[in-house]
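K.L.:
Please find coords10.pdb (PDB, C-alpha atoms) on the next line:
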ATOM      1  CA  MET A   1     -19.500  21.708 -83.119
ATOM      2  CA  ILE A   2     -22.477  19.577 -84.171
ATOM      3  CA  ARG A   3     -22.931  21.608 -87.371
ATOM      4  CA  ILE A   4     -19.253  21.269 -88.265
ATOM      5  CA  ALA A   5     -19.321  17.515 -87.638
ATOM      6  CA  ALA A   6     -22.470  17.154 -89.733
ATOM      7  CA  LEU A   7     -20.828  19.025 -92.616
ATOM      8  CA  ILE A   8     -17.762  16.779 -92.503
ATOM      9  CA  PHE A   9     -19.919  13.669 -92.470
ATOM     10  CA  CYS A  10     -22.027  14.907 -95.427
ATOM     11  CA  LEU A  11     -18.876  15.247 -97.505
ATOM     12  CA  VAL A  12     -18.064  11.560 -97.109
ATOM     13  CA  PRO A  13     -19.477   9.767-100.191
ATOM     14  CA  ALA A  14     -21.536   6.614 -99.927
ATOM     15  CA  LEU A  15     -19.170   3.685-100.342
ATOM     16  CA  ALA A  16     -19.358  -0.048-100.744
ATOM     17  CA  ALA A  17     -18.281  -2.583 -98.147
ATOM     18  CA  ALA A  18     -15.235  -1.588 -96.174
ATOM     19  CA  ASP A  19     -11.782  -2.834 -97.138
ATOM     20  CA  GLU A  20     -10.911  -4.041 -93.644
ATOM     21  CA  ALA A  21      -7.325  -4.950 -94.504
ATOM     22  CA  THR A  22      -6.691  -1.463 -95.886
ATOM     23  CA  ILE A  23      -8.336   0.212 -92.909
ATOM     24  CA  ARG A  24      -6.239  -1.834 -90.497
ATOM     25  CA  ARG A  25      -3.023  -1.092 -92.385
ATOM     26  CA  VAL A  26      -3.660   2.665 -92.512
ATOM     27  CA  MET A  27      -4.943   2.969 -88.961
ATOM     28  CA  ASP A  28      -2.132   0.834 -87.530
ATOM     29  CA  SER A  29       0.320   3.376 -88.908
ATOM     30  CA  LYS A  30      -1.549   6.210 -87.159
ATOM     31  CA  LEU A  31      -2.140   4.690 -83.731
ATOM     32  CA  GLY A  32       1.438   4.286 -82.569
ATOM     33  CA  GLY A  33       1.133   0.623 -81.698
ATOM     34  CA  ALA A  34      -2.350   0.728 -80.123
ATOM     35  CA  LYS A  35      -4.347  -2.413 -80.844
ATOM     36  CA  ILE A  36      -7.332  -2.248 -83.209
ATOM     37  CA  GLU A  37     -10.074  -4.346 -81.629
ATOM     38  CA  GLY A  38     -12.665  -4.182 -84.375
ATOM     39  CA  ILE A  39     -14.157  -2.439 -87.385
ATOM     40  CA  ALA A  40     -17.902  -2.035 -87.884
ATOM     41  CA  PRO A  41     -20.386   0.165 -89.785
ATOM     42  CA  ALA A  42     -20.966   3.542 -88.113
ATOM     43  CA  PRO A  43     -24.443   5.050 -87.636
ATOM     44  CA  ILE A  44     -23.858   7.137 -90.779
ATOM     45  CA  GLY A  45     -23.830   5.412 -94.150
ATOM     46  CA  GLY A  46     -20.375   5.288 -95.733
ATOM     47  CA  LEU A  47     -18.544   5.606 -92.428
ATOM     48  CA  TYR A  48     -16.963   2.846 -90.392
ATOM     49  CA  GLU A  49     -16.172   2.683 -86.705
ATOM     50  CA  VAL A  50     -12.604   1.716 -85.819
ATOM     51  CA  ARG A  51     -12.205   0.598 -82.220
ATOM     52  CA  TYR A  52      -8.824   0.566 -80.539
ATOM     53  CA  ARG A  53      -7.654   0.072 -76.971
ATOM     54  CA  ALA A  54      -5.451   2.448 -75.013
ATOM     55  CA  ALA A  55      -4.382   2.462 -71.373
ATOM     56  CA  ASP A  56      -7.631   4.159 -70.299
ATOM     57  CA  GLY A  57      -9.970   1.934 -72.305
ATOM     58  CA  VAL A  58     -11.521   1.625 -75.762
ATOM     59  CA  HIS A  59     -11.605   4.615 -78.136
ATOM     60  CA  ILE A  60     -13.239   5.180 -81.528
ATOM     61  CA  PHE A  61     -12.245   6.795 -84.805
ATOM     62  CA  TYR A  62     -14.345   6.881 -87.961
ATOM     63  CA  THR A  63     -13.148   6.342 -91.507
ATOM     64  CA  ASP A  64     -14.451   5.709 -95.018
ATOM     65  CA  ALA A  65     -14.355   2.280 -96.659
ATOM     66  CA  ASN A  66     -10.785   2.715 -97.946
ATOM     67  CA  ALA A  67      -9.337   4.757 -95.062
ATOM     68  CA  ASN A  68      -8.811   7.808 -97.260
ATOM     69  CA  TYR A  69     -10.278  10.017 -94.538
ATOM     70  CA  ILE A  70     -10.131   9.726 -90.756
ATOM     71  CA  VAL A  71     -12.706  11.498 -88.611
ATOM     72  CA  SER A  72     -12.106  12.097 -84.907
ATOM     73  CA  GLY A  73     -15.222  13.323 -83.155
ATOM     74  CA  LYS A  74     -18.716  12.535 -81.969
ATOM     75  CA  ILE A  75     -21.847  11.607 -83.875
ATOM     76  CA  PHE A  76     -25.104  13.142 -82.673
ATOM     77  CA  GLU A  77     -28.589  12.123 -83.734
ATOM     78  CA  SER A  78     -30.238  15.395 -84.731
ATOM     79  CA  LYS A  79     -33.816  14.328 -83.926
ATOM     80  CA  THR A  80     -33.108  13.317 -80.326
ATOM     81  CA  SER A  81     -29.750  15.095 -79.692
ATOM     82  CA  ARG A  82     -28.391  11.745 -78.479
ATOM     83  CA  ASN A  83     -24.620  11.474 -78.463
ATOM     84  CA  LEU A  84     -24.324   8.156 -80.273
ATOM     85  CA  THR A  85     -20.558   8.012 -79.952
ATOM     86  CA  GLU A  86     -20.681   8.468 -76.185
ATOM     87  CA  GLU A  87     -23.389   5.819 -75.833
ATOM     88  CA  ARG A  88     -21.329   3.398 -77.887
ATOM     89  CA  LEU A  89     -18.176   4.045 -75.851
ATOM     90  CA  ARG A  90     -20.061   3.489 -72.610
ATOM     91  CA  LYS A  91     -21.104   0.051 -73.803
ATOM     92  CA  LEU A  92     -17.644  -0.827 -75.131
ATOM     93  CA  ASN A  93     -15.995   0.172 -71.858
ATOM     94  CA  ALA A  94     -18.596  -1.388 -69.579
ATOM     95  CA  ILE A  95     -17.401  -3.584 -66.737
ATOM     96  CA  ASN A  96     -19.076  -6.296 -64.695
ATOM     97  CA  PHE A  97     -20.779  -4.346 -61.911
ATOM     98  CA  GLU A  98     -20.945  -7.438 -59.723
ATOM     99  CA  SER A  99     -17.151  -7.745 -59.874
ATOM    100  CA  LEU A 100     -16.656  -4.429 -58.068
ATOM    101  CA  PRO A 101     -15.254  -4.836 -54.533
ATOM    102  CA  LEU A 102     -18.183  -3.042 -52.921
ATOM    103  CA  ALA A 103     -16.824  -3.815 -49.460
ATOM    104  CA  GLN A 104     -14.187  -1.139 -50.191
ATOM    105  CA  ALA A 105     -16.841   1.531 -50.751
ATOM    106  CA  VAL A 106     -18.757   3.813 -48.402
ATOM    107  CA  LYS A 107     -22.414   2.851 -48.647
ATOM    108  CA  VAL A 108     -24.886   5.754 -48.729
ATOM    109  CA  GLN A 109     -28.584   4.906 -48.853
ATOM    110  CA  ARG A 110     -31.668   7.098 -49.211
ATOM    111  CA  GLY A 111     -35.266   5.954 -49.282
ATOM    112  CA  ASN A 112     -35.709   2.278 -50.075
ATOM    113  CA  GLY A 113     -32.321   2.132 -51.832
ATOM    114  CA  ARG A 114     -33.669   0.068 -54.753
ATOM    115  CA  ARG A 115     -31.673   1.947 -57.408
ATOM    116  CA  VAL A 116     -27.998   1.109 -57.125
ATOM    117  CA  PHE A 117     -24.841   2.590 -58.625
ATOM    118  CA  ALA A 118     -21.193   3.110 -57.752
ATOM    119  CA  MET A 119     -19.153   6.279 -57.887
ATOM    120  CA  PHE A 120     -15.472   7.195 -57.812
ATOM    121  CA  SER A 121     -15.371  10.587 -56.139
ATOM    122  CA  ASP A 122     -12.828  13.045 -54.772
ATOM    123  CA  PRO A 123     -14.133  15.223 -51.916
ATOM    124  CA  TYR A 124     -12.149  18.195 -53.225
ATOM    125  CA  CYS A 125     -13.308  17.924 -56.837
ATOM    126  CA  PRO A 126     -15.697  20.836 -57.624
ATOM    127  CA  TYR A 127     -17.694  18.693 -60.056
ATOM    128  CA  CYS A 128     -18.013  15.965 -57.417
ATOM    129  CA  GLN A 129     -19.270  18.504 -54.894
ATOM    130  CA  ARG A 130     -21.829  19.793 -57.395
ATOM    131  CA  PHE A 131     -23.037  16.290 -58.196
ATOM    132  CA  GLU A 132     -23.289  15.381 -54.507
ATOM    133  CA  LYS A 133     -25.643  18.348 -54.099
ATOM    134  CA  ALA A 134     -27.696  17.141 -57.068
ATOM    135  CA  LEU A 135     -27.890  13.663 -55.538
ATOM    136  CA  GLN A 136     -29.618  15.126 -52.475
ATOM    137  CA  GLU A 137     -32.667  15.511 -54.730
ATOM    138  CA  VAL A 138     -32.607  11.861 -55.869
ATOM    139  CA  ASP A 139     -34.458   9.392 -53.642
ATOM    140  CA  ASP A 140     -34.558   5.591 -53.361
ATOM    141  CA  ILE A 141     -30.884   5.112 -54.185
ATOM    142  CA  THR A 142     -27.920   3.181 -52.851
ATOM    143  CA  ILE A 143     -24.559   4.710 -53.673
ATOM    144  CA  TYR A 144     -21.303   2.819 -53.281
ATOM    145  CA  VAL A 145     -18.707   5.568 -53.010
ATOM    146  CA  PHE A 146     -15.146   4.574 -53.841
ATOM    147  CA  MET A 147     -13.171   7.404 -52.261
ATOM    148  CA  TYR A 148     -10.665   8.533 -54.873
ATOM    149  CA  PRO A 149      -8.591  11.405 -53.417
ATOM    150  CA  VAL A 150      -6.322  12.225 -56.340
ATOM    151  CA  ILE A 151      -6.789  15.989 -56.774
ATOM    152  CA  ARG A 152      -5.285  16.929 -53.404
ATOM    153  CA  PRO A 153      -3.383  13.811 -52.349
ATOM    154  CA  GLU A 154      -1.909  15.678 -49.387
ATOM    155  CA  LEU A 155      -5.437  15.536 -47.878
ATOM    156  CA  LYS A 156      -5.805  11.808 -48.430
ATOM    157  CA  ASP A 157      -5.912  11.202 -44.679
ATOM    158  CA  GLN A 158      -9.288  12.936 -44.554
ATOM    159  CA  SER A 159     -10.775  10.230 -46.772
ATOM    160  CA  LYS A 160      -9.085   7.600 -44.638
ATOM    161  CA  ALA A 161     -10.646   9.197 -41.568
ATOM    162  CA  VAL A 162     -14.075   8.880 -43.199
ATOM    163  CA  TRP A 163     -13.537   5.115 -43.239
ATOM    164  CA  CYS A 164     -12.502   5.168 -39.593
ATOM    165  CA  SER A 165     -15.640   7.094 -38.563
ATOM    166  CA  PRO A 166     -18.493   5.317 -36.734
ATOM    167  CA  ASP A 167     -20.957   6.583 -39.366
ATOM    168  CA  ARG A 168     -19.104   6.445 -42.681
ATOM    169  CA  ALA A 169     -22.008   7.684 -44.783
ATOM    170  CA  LYS A 170     -22.482  10.810 -42.671
ATOM    171  CA  ALA A 171     -18.734  11.428 -42.495
ATOM    172  CA  TRP A 172     -18.472  11.176 -46.286
ATOM    173  CA  LEU A 173     -21.361  13.565 -46.899
ATOM    174  CA  ASP A 174     -19.970  16.069 -44.393
ATOM    175  CA  LEU A 175     -16.643  16.006 -46.228
ATOM    176  CA  ALA A 176     -18.001  15.908 -49.793
ATOM    177  CA  LEU A 177     -20.771  18.488 -49.315
ATOM    178  CA  HIS A 178     -19.258  20.818 -46.731
ATOM    179  CA  GLN A 179     -15.502  20.040 -46.762
ATOM    180  CA  LYS A 180     -15.840  19.207 -43.064
ATOM    181  CA  PRO A 181     -13.249  16.518 -42.225
ATOM    182  CA  PRO A 182     -14.088  13.838 -39.639
ATOM    183  CA  ALA A 183     -12.990  14.493 -36.077
ATOM    184  CA  VAL A 184     -11.220  11.147 -35.890
ATOM    185  CA  THR A 185      -7.756   9.939 -36.835
ATOM    186  CA  ALA A 186      -6.970   7.886 -39.923
ATOM    187  CA  ALA A 187      -5.435   5.108 -37.833
ATOM    188  CA  CYS A 188      -7.679   2.195 -38.858
ATOM    189  CA  ASP A 189      -7.206  -0.193 -41.750
ATOM    190  CA  ASN A 190      -8.804   1.443 -44.777
ATOM    191  CA  PRO A 191      -9.181   0.771 -48.517
ATOM    192  CA  VAL A 192      -8.333   4.238 -49.847
ATOM    193  CA  GLU A 193      -5.044   3.230 -51.484
ATOM    194  CA  LYS A 194      -6.737   0.133 -52.923
ATOM    195  CA  ASN A 195      -9.470   2.360 -54.356
ATOM    196  CA  VAL A 196      -6.900   4.544 -56.099
ATOM    197  CA  GLN A 197      -5.314   1.460 -57.649
ATOM    198  CA  LEU A 198      -8.735   0.100 -58.592
ATOM    199  CA  GLY A 199      -9.747   3.348 -60.272
ATOM    200  CA  ARG A 200      -6.578   3.444 -62.317
ATOM    201  CA  SER A 201      -7.044  -0.184 -63.384
ATOM    202  CA  LEU A 202     -10.576   0.683 -64.569
ATOM    203  CA  GLY A 203      -9.411   3.727 -66.522
ATOM    204  CA  VAL A 204     -10.971   6.268 -64.158
ATOM    205  CA  SER A 205      -9.354   9.488 -65.346
ATOM    206  CA  ALA A 206     -11.933  12.025 -64.145
ATOM    207  CA  THR A 207     -14.094  12.569 -61.099
ATOM    208  CA  PRO A 208     -16.834  11.917 -60.518
ATOM    209  CA  THR A 209     -16.962   8.681 -62.514
ATOM    210  CA  LEU A 210     -20.275   6.878 -62.166
ATOM    211  CA  ILE A 211     -20.735   3.163 -62.758
ATOM    212  CA  LEU A 212     -24.297   2.177 -63.591
ATOM    213  CA  PRO A 213     -25.753  -1.257 -62.739
ATOM    214  CA  THR A 214     -25.174  -2.180 -66.401
ATOM    215  CA  GLY A 215     -21.453  -1.640 -65.836
ATOM    216  CA  GLU A 216     -21.391   1.438 -68.064
ATOM    217  CA  LYS A 217     -19.096   4.252 -66.902
ATOM    218  CA  ILE A 218     -20.003   7.930 -67.088
ATOM    219  CA  SER A 219     -17.427  10.642 -66.471
ATOM    220  CA  GLY A 220     -18.874  13.757 -64.863
ATOM    221  CA  GLY A 221     -22.088  14.465 -63.045
ATOM    222  CA  MET A 222     -25.460  15.703 -64.289
ATOM    223  CA  GLN A 223     -28.698  17.260 -63.151
ATOM    224  CA  ALA A 224     -30.764  15.300 -60.629
ATOM    225  CA  GLU A 225     -33.716  14.697 -62.964
ATOM    226  CA  ASP A 226     -31.513  13.562 -65.847
ATOM    227  CA  PHE A 227     -29.555  11.186 -63.647
ATOM    228  CA  SER A 228     -32.693   9.742 -62.058
ATOM    229  CA  HIS A 229     -34.084   8.974 -65.515
ATOM    230  CA  LEU A 230     -30.795   7.447 -66.673
ATOM    231  CA  LEU A 231     -30.574   5.312 -63.529
ATOM    232  CA  ASP A 232     -34.120   4.005 -64.059
ATOM    233  CA  GLN A 233     -33.194   2.984 -67.605
ATOM    234  CA  ALA A 234     -30.004   1.284 -66.430
ATOM    235  CA  MET A 235     -31.823  -0.623 -63.688
ATOM    236  CA  ALA A 236     -34.392  -1.902 -66.179
ATOM    237  CA  GLN A 237     -31.700  -2.907 -68.661
ATOM    238  CA  ALA A 238     -29.661  -4.667 -65.978
ATOM    239  CA  LYS A 239     -32.688  -6.747 -64.968
ATOM    240  CA  THR A 240     -33.276  -7.941 -68.536
ATOM    241  CA  THR A 241     -29.670  -9.089 -68.952
ATOM    242  CA  ARG A 242     -29.478 -11.133 -65.730
TER     243      ARG A 242
END
Starting from the coordinates I provided, produce the structure as structure tokens.
P.N.:
Amino acid sequence: MIRIAALIFCLVPALAAADEATIRRVMDSKLGGAKIEGIAPAPIGGLYEVRYRAADGVHIFYTDANANYIVSGKIFESKTSRNLTEERLRKLNAINFESLPLAQAVKVQRGNGRRVFAMFSDPYCPYCQRFEKALQEVDDITIYVFMYPVIRPELKDQSKAVWCSPDRAKAWLDLALHQKPPAVTAACDNPVEKNVQLGRSLGVSATPTLILPTGEKISGGMQAEDFSHLLDQAMAQAKTTR
């Protein structure tokens, strides 16, 4: 995929400054009413980033200076293998971490808990289960888990029962890691329905969705070492912006 994308990009000739009016006119006709939020130079010379907003957040297309060609895909930096498009989208779709209603989340802490992030997770999502296992290898973290039972909504009461448990963190881990529901009823007031509404309002369309302290959202889990490194970077960046 990377080779194909690189070939397409190499075929785009170097062009002068973008004709923003032309780009907007052409792209408006292709986006079915979606709003273009901005146009800026892309990481590759001769290409321009076109940002537009949809129901699930900001998206990006690339085009040449006169909108003769439209490229839908991702740009990778060959030297580092960084996905520049994904990094850019994470920043564009970042939220204010401090605005999250953390009181609606199950708090799980390991070690000194100094590294903080939030997570929308479904206990019956295979990728969530895999990431929960990876997180067992990551120390000194505080996880705010927004229970997001959308894959098997008929089992939503199990997530509600987690909230009603005397030890919510343990009840969540038992359910997420071992599919062992709490031995309590879901009779207490709980925020599960609010969490589903919150996730939809934030454009959470996949589980797990991680929210770093910078407010950047990541869909899908990763290996423990990779996530630990990413979380360290996000913590450092969040400190510099406060």
K.L.:
Would you write out, as a Markdown table, a table of all residues in range 85-148 of chain A that have an atom no more than 12 Å from an atom of range 181-201 of chain A, listing for each the closest atom pair and the distance in Å to one decimal, considering only C-alpha atoms and ordering rows by chain and rising residue number?
P.N.:
| residue | atom | partner | partner_atom | distance |
| --- | --- | --- | --- | --- |
| A:Ile95 | CA | A:Ser201 | CA | 11.4 |
| A:Ser99 | CA | A:Leu198 | CA | 11.6 |
| A:Leu100 | CA | A:Leu198 | CA | 9.1 |
| A:Pro101 | CA | A:Leu198 | CA | 9.1 |
| A:Leu102 | CA | A:Asn195 | CA | 10.4 |
| A:Ala103 | CA | A:Pro191 | CA | 9.0 |
| A:Gln104 | CA | A:Pro191 | CA | 5.6 |
| A:Ala105 | CA | A:Pro191 | CA | 8.0 |
| A:Val106 | CA | A:Pro191 | CA | 10.0 |
| A:Ala118 | CA | A:Gly199 | CA | 11.7 |
| A:Met119 | CA | A:Gly199 | CA | 10.1 |
| A:Phe120 | CA | A:Gly199 | CA | 7.3 |
| A:Ser121 | CA | A:Gly199 | CA | 10.1 |
| A:Asp122 | CA | A:Val196 | CA | 10.4 |
| A:Pro123 | CA | A:Pro181 | CA | 9.8 |
| A:Tyr124 | CA | A:Pro181 | CA | 11.2 |
| A:Tyr144 | CA | A:Asn195 | CA | 11.9 |
| A:Val145 | CA | A:Asn195 | CA | 9.9 |
| A:Phe146 | CA | A:Asn195 | CA | 6.1 |
| A:Met147 | CA | A:Val192 | CA | 6.3 |
| A:Tyr148 | CA | A:Val196 | CA | 5.6 |
K.L.:
What does the distance from CA of Thr209 in chain A to CA of Tyr127 in chain A come to in Å, to one decimal?
P.N.:
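CA of Thr209 in chain A sits 10.3 Å away from CA of Tyr127 in chain A.
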K.L.:
In terms of the shortest atom-to-atom distance over all atoms listed in the file, which of A:Leu212, A:Ala206, A:Val58, A:Cys164 is closest to Glu98 in chain A?
P.N.:
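Among the listed residues, A:Leu212 lies closest to Glu98 in chain A.
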K.L.:
So how many Å separate CA of Ile60 in chain A and CA of Gly38 in chain A, to one decimal?
P.N.:
9.8 Å
K.L.:
One decimal, in Å: what's the spacing between CA of Leu177 in chain A and CA of Ala94 in chain A?
P.N.:
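So the answer is 28.5 Å.
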K.L.:
Could you list the residues chosen by the PyMOL selection byres ((chain A and resi 70) around 12) in this structure as a list of chain:residue names?
P.N.:
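Evaluating the PyMOL selection byres ((chain A and resi 70) around 12) on this file yields A:Ile8, A:Phe9, A:Val12, A:Ile23, A:Val26, A:Met27, A:Lys30, A:Leu31, A:Leu47, A:Tyr48, A:Glu49, A:Val50, A:Ile60, A:Phe61, A:Tyr62, A:Thr63, A:Asp64, A:Ala65, A:Asn66, A:Ala67, A:Asn68, A:Tyr69, A:Val71, A:Ser72, A:Gly73.
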K.L.:
For Arg115 in chain A, which of A:Glu87, A:Ala40, A:Ile141, A:Lys35 is the closest residue, counting only C-alpha atoms?
P.N.:
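Nearest to Arg115 in chain A: A:Ile141.
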K.L.:
Please determine the residues with any atom at most 12 Å from (-18.7, 7.4, -68.4) (coordinates as given in the file, with only C-alpha atoms counting) and report them as number ranges by chain.
P.N.:
A: 56-58, 85-95, 118-120, 202-212, 214-222
K.L.:
Which one is closest to Gln223 in chain A: A:Thr80, A:Gln136, A:Ser29, A:Asn96? Count all atoms listed in the file.
P.N.:
A:Gln136
K.L.:
Nearest to Glu137 in chain A: which of A:Thr241, A:Ser228, A:Gln233, A:Ser81 is it, counting only C-alpha atoms?
P.N.:
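The answer is A:Ser228, which sits nearest to Glu137 in chain A.
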K.L.:
Listed atoms of range 175-178 of chain A, axis-aligned box, 8 Å per side: centre and edge lengths to one decimal in Å, as JSON?
P.N.:
{"center_x": -18.7, "center_y": 18.4, "center_z": -48.0, "size_x": 20.1, "size_y": 20.9, "size_z": 19.6}
K.L.:
Find the residue from A:His59, A:Arg168, A:Gln179, A:Val116 that sits nearest to Ala236 in chain A; use all atoms listed in the file when measuring.
P.N.:
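Checking each candidate against Ala236 in chain A, we get A:Val116 as the closest.
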